[in-house]
Amino acid sequence: MLDPVLLRSFVTVVDTGNFTRAAEYLHLTQSTVSQHVIRLEDNLDCRLLDRTQRHVLPTEEGERLLGYARSILRLAEEARESVSAAQASAVLRLGAPEEFMGATLMPTIAAVQSAYPLLRVEVEGGLSHELLRRYREGELDLLLVKQWEVDADCHAQWPEPLCWIAAQDAAPPAPDTAVPLVAFPAGALYRQEMTAMLETGGKPWHVRFSSPSLPSLVSAVASGLGISLLPAACVTAEHRVLTAAEGFPAPGGLRLALYARSRLSDAGLALRRALEAYCELRAGKVTPPAA
């Protein structure tokens, strides 16, 4: 095995033409550089430098070694830079509700990663209150959540209108029957608001279909399994928005909130700005349905 330290001293002597300048360049003593070359010559059992000239020159064997030495040193430097860059690469942990998973946020993340190839984004999905707890405990760097009242350290916020939806051909539930609900699991923000509004209005209810997946809930409503309180952005041609005249007034005040650590890397700041742009665009496309 050829020691890169010895090779570097050898190459530097050849490049500078003498041991004194090589020692200055390497921040070593002249005797140390000389010992490096001697050890390398002993390892290869040949003379590598012609020291009889005023300007030190490589011997024939030294010329053959020079190209290999440069290649070895270049590869060693590339390996060092690669490992150092990997260690210094940004890892960002983003929390967002399940509805943002899949194709919704991916173009935004991909655009940032194209500018920061070493950036690794770890996306965690879940219910808003669980994600907010994890952010408070330091497990997440950036967070998108739904809240009725945003906290003081919220970085930015946007309106998130909700509406009651049913299948396009579904009739509203009769006043004296329990409202069949399509809902998130217990503890979810939309479910809490939905059941609280029904109970305030004196409407009995029962959960007919439950899932932590927003696309599943949207499909379940479209299939006629029940009604639900969901973001207005989820309404499709297969749905009908229930109105206040039918006994289902839409709540107000829900916000989409972005939280971000105060000390983010350049990549983190870029992702934060991209998330802001995404939310601004999303808010501009979503308007509350007519009552």
# chains A, B, ... in the order shown; residues from 1 in each chain; ligands from 1
call {"tool": "residues_around", "arguments": {"residues": "Ser9 (chain A)", "least_positions_apart": "3", "cutoff": "9 Å", "atoms": "only C-alpha atoms", "output": "PDB file with N, CA, C and O atoms, in the first residue's frame"}}
result
ATOM      1  N   PRO A   4      -0.623   7.815   1.069  1.00  0.00           N
ATOM      2  CA  PRO A   4      -0.901   9.094   0.403  1.00  0.00           C
ATOM      3  C   PRO A   4      -0.093  10.256   0.964  1.00  0.00           C
ATOM      4  O   PRO A   4       0.212  11.208   0.236  1.00  0.00           O
ATOM      5  N   VAL A   5       0.264  10.194   2.249  1.00  0.00           N
ATOM      6  CA  VAL A   5       1.068  11.267   2.842  1.00  0.00           C
ATOM      7  C   VAL A   5       2.439  11.319   2.170  1.00  0.00           C
ATOM      8  O   VAL A   5       2.949  12.396   1.829  1.00  0.00           O
ATOM      9  N   LEU A   6       3.017  10.145   1.955  1.00  0.00           N
ATOM     10  CA  LEU A   6       4.322  10.087   1.293  1.00  0.00           C
ATOM     11  C   LEU A   6       4.198  10.517  -0.170  1.00  0.00           C
ATOM     12  O   LEU A   6       5.062  11.233  -0.685  1.00  0.00           O
ATOM     13  N   THR A  12       4.672  17.046  -4.459  1.00  0.00           N
ATOM     14  CA  THR A  12       4.914  18.468  -4.190  1.00  0.00           C
ATOM     15  C   THR A  12       6.368  18.839  -4.472  1.00  0.00           C
ATOM     16  O   THR A  12       6.649  19.938  -4.983  1.00  0.00           O
ATOM     17  N   VAL A  13       7.312  17.937  -4.145  1.00  0.00           N
ATOM     18  CA  VAL A  13       8.717  18.199  -4.463  1.00  0.00           C
ATOM     19  C   VAL A  13       8.904  18.316  -5.975  1.00  0.00           C
ATOM     20  O   VAL A  13       9.584  19.227  -6.467  1.00  0.00           O
ATOM     21  N   VAL A  14       8.284  17.409  -6.733  1.00  0.00           N
ATOM     22  CA  VAL A  14       8.385  17.466  -8.188  1.00  0.00           C
ATOM     23  C   VAL A  14       7.777  18.765  -8.708  1.00  0.00           C
ATOM     24  O   VAL A  14       8.351  19.439  -9.581  1.00  0.00           O
ATOM     25  N   PHE A  19      13.089  20.761  -2.184  1.00  0.00           N
ATOM     26  CA  PHE A  19      12.522  20.320  -0.909  1.00  0.00           C
ATOM     27  C   PHE A  19      12.102  21.497  -0.031  1.00  0.00           C
ATOM     28  O   PHE A  19      11.136  21.400   0.728  1.00  0.00           O
ATOM     29  N   ALA A  22       8.741  22.816  -1.218  1.00  0.00           N
ATOM     30  CA  ALA A  22       7.738  21.780  -0.931  1.00  0.00           C
ATOM     31  C   ALA A  22       7.371  21.788   0.549  1.00  0.00           C
ATOM     32  O   ALA A  22       6.189  21.667   0.912  1.00  0.00           O
ATOM     33  N   ALA A  23       8.366  21.931   1.411  1.00  0.00           N
ATOM     34  CA  ALA A  23       8.107  21.964   2.856  1.00  0.00           C
ATOM     35  C   ALA A  23       7.257  23.168   3.234  1.00  0.00           C
ATOM     36  O   ALA A  23       6.339  23.078   4.057  1.00  0.00           O
ATOM     37  N   LEU A  26       3.644  22.522   2.142  1.00  0.00           N
ATOM     38  CA  LEU A  26       2.967  21.489   2.943  1.00  0.00           C
ATOM     39  C   LEU A  26       2.921  21.837   4.427  1.00  0.00           C
ATOM     40  O   LEU A  26       2.327  21.088   5.215  1.00  0.00           O
ATOM     41  N   VAL A  33       9.846  16.293   4.908  1.00  0.00           N
ATOM     42  CA  VAL A  33       9.562  16.026   3.498  1.00  0.00           C
ATOM     43  C   VAL A  33      10.616  15.090   2.930  1.00  0.00           C
ATOM     44  O   VAL A  33      10.301  14.142   2.201  1.00  0.00           O
ATOM     45  N   SER A  34      11.848  15.307   3.278  1.00  0.00           N
ATOM     46  CA  SER A  34      12.926  14.448   2.788  1.00  0.00           C
ATOM     47  C   SER A  34      12.744  13.017   3.285  1.00  0.00           C
ATOM     48  O   SER A  34      12.909  12.057   2.521  1.00  0.00           O
ATOM     49  N   HIS A  36       9.930  11.611   4.052  1.00  0.00           N
ATOM     50  CA  HIS A  36       8.789  11.027   3.335  1.00  0.00           C
ATOM     51  C   HIS A  36       9.236  10.437   2.005  1.00  0.00           C
ATOM     52  O   HIS A  36       8.833   9.315   1.639  1.00  0.00           O
ATOM     53  N   VAL A  37      10.050  11.178   1.262  1.00  0.00           N
ATOM     54  CA  VAL A  37      10.504  10.698  -0.040  1.00  0.00           C
ATOM     55  C   VAL A  37      11.407   9.476   0.132  1.00  0.00           C
ATOM     56  O   VAL A  37      11.315   8.501  -0.625  1.00  0.00           O
TER      57      VAL A  37
END
call {"tool": "select_by_dssp", "arguments": {"residues": "region 27-186 of chain A", "states": "strand (DSSP E)", "output": "MDAnalysis selection string"}}
result
chainID A and resid 49:50 57:58 91:96 120:125 142:147 156:159 162:167 179:183
call {"tool": "write_last_selection", "arguments": {"atoms": "C-alpha atoms", "output": "CSV table (one decimal), in the first residue's frame"}}
result
chain,number,residue,atom,x,y,z
A,49,LEU,CA,14.2,11.9,-7.5
A,50,ASP,CA,17.5,13.1,-9.0
A,57,LEU,CA,13.8,16.2,-11.2
A,58,PRO,CA,12.0,12.8,-11.1
A,91,VAL,CA,-31.8,16.4,6.8
A,92,LEU,CA,-35.2,18.1,7.2
A,93,ARG,CA,-38.1,16.6,9.0
A,94,LEU,CA,-41.5,17.8,7.7
A,95,GLY,CA,-44.8,17.0,9.4
A,96,ALA,CA,-48.0,17.3,7.5
A,120,ARG,CA,-32.9,14.6,2.4
A,121,VAL,CA,-36.5,15.3,3.4
A,122,GLU,CA,-38.2,13.0,5.9
A,123,VAL,CA,-42.0,13.5,5.7
A,124,GLU,CA,-44.1,12.4,8.6
A,125,GLY,CA,-47.9,12.1,8.2
A,142,LEU,CA,-41.1,22.2,9.6
A,143,LEU,CA,-44.8,21.6,10.2
A,144,LEU,CA,-48.1,22.1,8.3
A,145,VAL,CA,-51.2,21.6,10.4
A,146,LYS,CA,-54.8,22.5,10.6
A,147,GLN,CA,-55.8,24.5,13.7
A,156,ALA,CA,-47.6,31.8,8.5
A,157,GLN,CA,-51.2,30.9,8.2
A,158,TRP,CA,-54.0,30.7,5.6
A,159,PRO,CA,-57.7,30.1,5.7
A,162,LEU,CA,-64.7,23.4,5.5
A,163,CYS,CA,-68.0,22.2,4.3
A,164,TRP,CA,-70.5,19.4,4.8
A,165,ILE,CA,-70.6,17.1,1.8
A,166,ALA,CA,-72.7,14.1,0.7
A,167,ALA,CA,-73.0,12.0,-2.4
A,179,VAL,CA,-76.8,11.3,10.8
A,180,PRO,CA,-74.6,8.6,9.2
A,181,LEU,CA,-71.0,10.0,9.3
A,182,VAL,CA,-67.9,9.3,7.4
A,183,ALA,CA,-65.1,10.4,9.8
call {"tool": "residues_around", "arguments": {"residues": "Ala152 (chain A)", "least_positions_apart": "2", "cutoff": "12 Å", "atoms": "only C-alpha atoms", "output": "ChimeraX atom specification"}}
result
/A:149-150,154-157,257-259
call {"tool": "closest_atom_pairs", "arguments": {"of": "region 40-153 of chain A", "to": "region 218-239 of chain A", "cutoff": "12 Å", "atoms": "only C-alpha atoms", "output": "tab-separated table"}}
result
residue	atom	partner	partner_atom	distance
A:Glu99	CA	A:Cys234	CA	9.6
A:Phe100	CA	A:Ala233	CA	11.8
A:Thr104	CA	A:Ala233	CA	11.9
A:Lys146	CA	A:Pro231	CA	10.4
call {"tool": "write_last_selection", "arguments": {"atoms": "N, CA, C and O atoms", "output": "compact mmCIF listing (two decimals), in the first residue's frame"}}
result
# COMPACT_ATOMS: atom_id res chain seq x y z
N GLU A 99 -53.50 14.24 4.12
CA GLU A 99 -54.04 14.73 2.84
C GLU A 99 -52.98 15.39 1.97
O GLU A 99 -53.19 15.57 0.77
N PHE A 100 -51.84 15.75 2.57
CA PHE A 100 -50.76 16.35 1.80
C PHE A 100 -49.76 15.32 1.29
O PHE A 100 -48.81 15.67 0.60
N THR A 104 -49.58 15.59 -3.73
CA THR A 104 -49.89 16.98 -3.40
C THR A 104 -48.65 17.83 -3.14
O THR A 104 -48.43 18.87 -3.76
N LYS A 146 -53.54 21.81 10.59
CA LYS A 146 -54.82 22.52 10.64
C LYS A 146 -55.12 22.87 12.10
O LYS A 146 -54.99 22.03 12.99
call {"tool": "select_by_dssp", "arguments": {"residues": "region 8-237 of chain A", "states": "alpha helix (DSSP H)", "output": "number ranges by chain"}}
result
A: 8-16, 19-26, 30-44, 60-88, 106-115, 128-136, 189-200, 214-222
call {"tool": "atom_distance", "arguments": {"atom1": "CA of Phe184 (chain A)", "atom2": "CA of Pro212 (chain A)"}}
result
5.2 Å
call {"tool": "atom_distance", "arguments": {"atom1": "CA of Val112 (chain A)", "atom2": "CA of Glu78 (chain A)"}}
result
25.1 Å
call {"tool": "atom_distance", "arguments": {"atom1": "CA of Ala111 (chain A)", "atom2": "CA of Leu217 (chain A)"}}
result
29.5 Å
call {"tool": "residues_around", "arguments": {"residues": "Met197 (chain A)", "least_positions_apart": "6", "cutoff": "10 Å", "atoms": "only C-alpha atoms", "output": "VMD selection string"}}
result
chain A and resid 191 203 248 to 251
call {"tool": "write_last_selection", "arguments": {"atoms": "C-alpha atoms", "output": "compact mmCIF listing (two decimals), in the first residue's frame"}}
result
# COMPACT_ATOMS: atom_id res chain seq x y z
CA ARG A 191 -64.30 14.64 13.62
CA LYS A 203 -78.83 16.01 15.81
CA PHE A 248 -75.62 21.93 8.09
CA PRO A 249 -73.96 25.35 8.45
CA ALA A 250 -70.27 25.35 7.54
CA PRO A 251 -67.95 26.26 10.43
call {"tool": "closest_residue", "arguments": {"among": "A:Pro161, A:Glu130, A:Leu119, A:Ser71", "to": "Glu98 (chain A)", "atoms": "only C-alpha atoms"}}
result
A:Glu130
call {"tool": "decode", "arguments": {"residues": "region 32-48 of chain A", "atoms": "N, CA, C and O atoms", "output": "mmCIF file, in the first residue's frame"}}
result
data_model
loop_
_atom_site.group_PDB
_atom_site.id
_atom_site.type_symbol
_atom_site.label_atom_id
_atom_site.label_comp_id
_atom_site.auth_asym_id
_atom_site.auth_seq_id
_atom_site.Cartn_x
_atom_site.Cartn_y
_atom_site.Cartn_z
ATOM 1 N N THR A 32 11.344 16.566 7.278
ATOM 2 C CA THR A 32 10.178 15.670 7.239
ATOM 3 C C THR A 32 9.833 15.304 5.799
ATOM 4 O O THR A 32 9.568 14.135 5.490
ATOM 5 N N VAL A 33 9.846 16.293 4.908
ATOM 6 C CA VAL A 33 9.562 16.026 3.498
ATOM 7 C C VAL A 33 10.616 15.090 2.930
ATOM 8 O O VAL A 33 10.301 14.142 2.201
ATOM 9 N N SER A 34 11.848 15.307 3.278
ATOM 10 C CA SER A 34 12.926 14.448 2.788
ATOM 11 C C SER A 34 12.744 13.017 3.285
ATOM 12 O O SER A 34 12.909 12.057 2.521
ATOM 13 N N GLN A 35 12.377 12.869 4.548
ATOM 14 C CA GLN A 35 12.142 11.526 5.097
ATOM 15 C C GLN A 35 10.965 10.846 4.405
ATOM 16 O O GLN A 35 10.996 9.635 4.172
ATOM 17 N N HIS A 36 9.930 11.611 4.052
ATOM 18 C CA HIS A 36 8.789 11.027 3.335
ATOM 19 C C HIS A 36 9.236 10.437 2.005
ATOM 20 O O HIS A 36 8.833 9.315 1.639
ATOM 21 N N VAL A 37 10.050 11.178 1.262
ATOM 22 C CA VAL A 37 10.504 10.698 -0.040
ATOM 23 C C VAL A 37 11.407 9.476 0.132
ATOM 24 O O VAL A 37 11.315 8.501 -0.625
ATOM 25 N N ILE A 38 12.296 9.507 1.125
ATOM 26 C CA ILE A 38 13.177 8.363 1.372
ATOM 27 C C ILE A 38 12.373 7.119 1.720
ATOM 28 O O ILE A 38 12.663 6.014 1.220
ATOM 29 N N ARG A 39 11.372 7.245 2.548
ATOM 30 C CA ARG A 39 10.525 6.097 2.905
ATOM 31 C C ARG A 39 9.797 5.549 1.686
ATOM 32 O O ARG A 39 9.663 4.328 1.513
ATOM 33 N N LEU A 40 9.328 6.455 0.823
ATOM 34 C CA LEU A 40 8.639 6.016 -0.383
ATOM 35 C C LEU A 40 9.613 5.270 -1.299
ATOM 36 O O LEU A 40 9.262 4.227 -1.887
ATOM 37 N N GLU A 41 10.839 5.773 -1.418
ATOM 38 C CA GLU A 41 11.849 5.098 -2.237
ATOM 39 C C GLU A 41 12.194 3.737 -1.646
ATOM 40 O O GLU A 41 12.374 2.751 -2.384
ATOM 41 N N ASP A 42 12.282 3.639 -0.324
ATOM 42 C CA ASP A 42 12.564 2.356 0.318
ATOM 43 C C ASP A 42 11.426 1.362 0.060
ATOM 44 O O ASP A 42 11.661 0.169 -0.185
ATOM 45 N N ASN A 43 10.180 1.846 0.124
ATOM 46 C CA ASN A 43 9.037 0.961 -0.114
ATOM 47 C C ASN A 43 9.041 0.415 -1.532
ATOM 48 O O ASN A 43 8.665 -0.751 -1.774
ATOM 49 N N LEU A 44 9.438 1.249 -2.499
ATOM 50 C CA LEU A 44 9.417 0.847 -3.914
ATOM 51 C C LEU A 44 10.766 0.296 -4.386
ATOM 52 O O LEU A 44 10.868 -0.187 -5.528
ATOM 53 N N ASP A 45 11.753 0.411 -3.514
ATOM 54 C CA ASP A 45 13.095 -0.122 -3.809
ATOM 55 C C ASP A 45 13.676 0.494 -5.086
ATOM 56 O O ASP A 45 14.182 -0.214 -5.967
ATOM 57 N N CYS A 46 13.569 1.816 -5.197
ATOM 58 C CA CYS A 46 14.163 2.524 -6.340
ATOM 59 C C CYS A 46 14.280 4.001 -6.007
ATOM 60 O O CYS A 46 13.609 4.496 -5.095
ATOM 61 N N ARG A 47 15.133 4.707 -6.763
ATOM 62 C CA ARG A 47 15.266 6.143 -6.606
ATOM 63 C C ARG A 47 14.186 6.837 -7.431
ATOM 64 O O ARG A 47 13.962 6.508 -8.579
ATOM 65 N N LEU A 48 13.522 7.773 -6.811
ATOM 66 C CA LEU A 48 12.429 8.481 -7.466
ATOM 67 C C LEU A 48 12.810 9.891 -7.888
ATOM 68 O O LEU A 48 12.196 10.445 -8.800
#
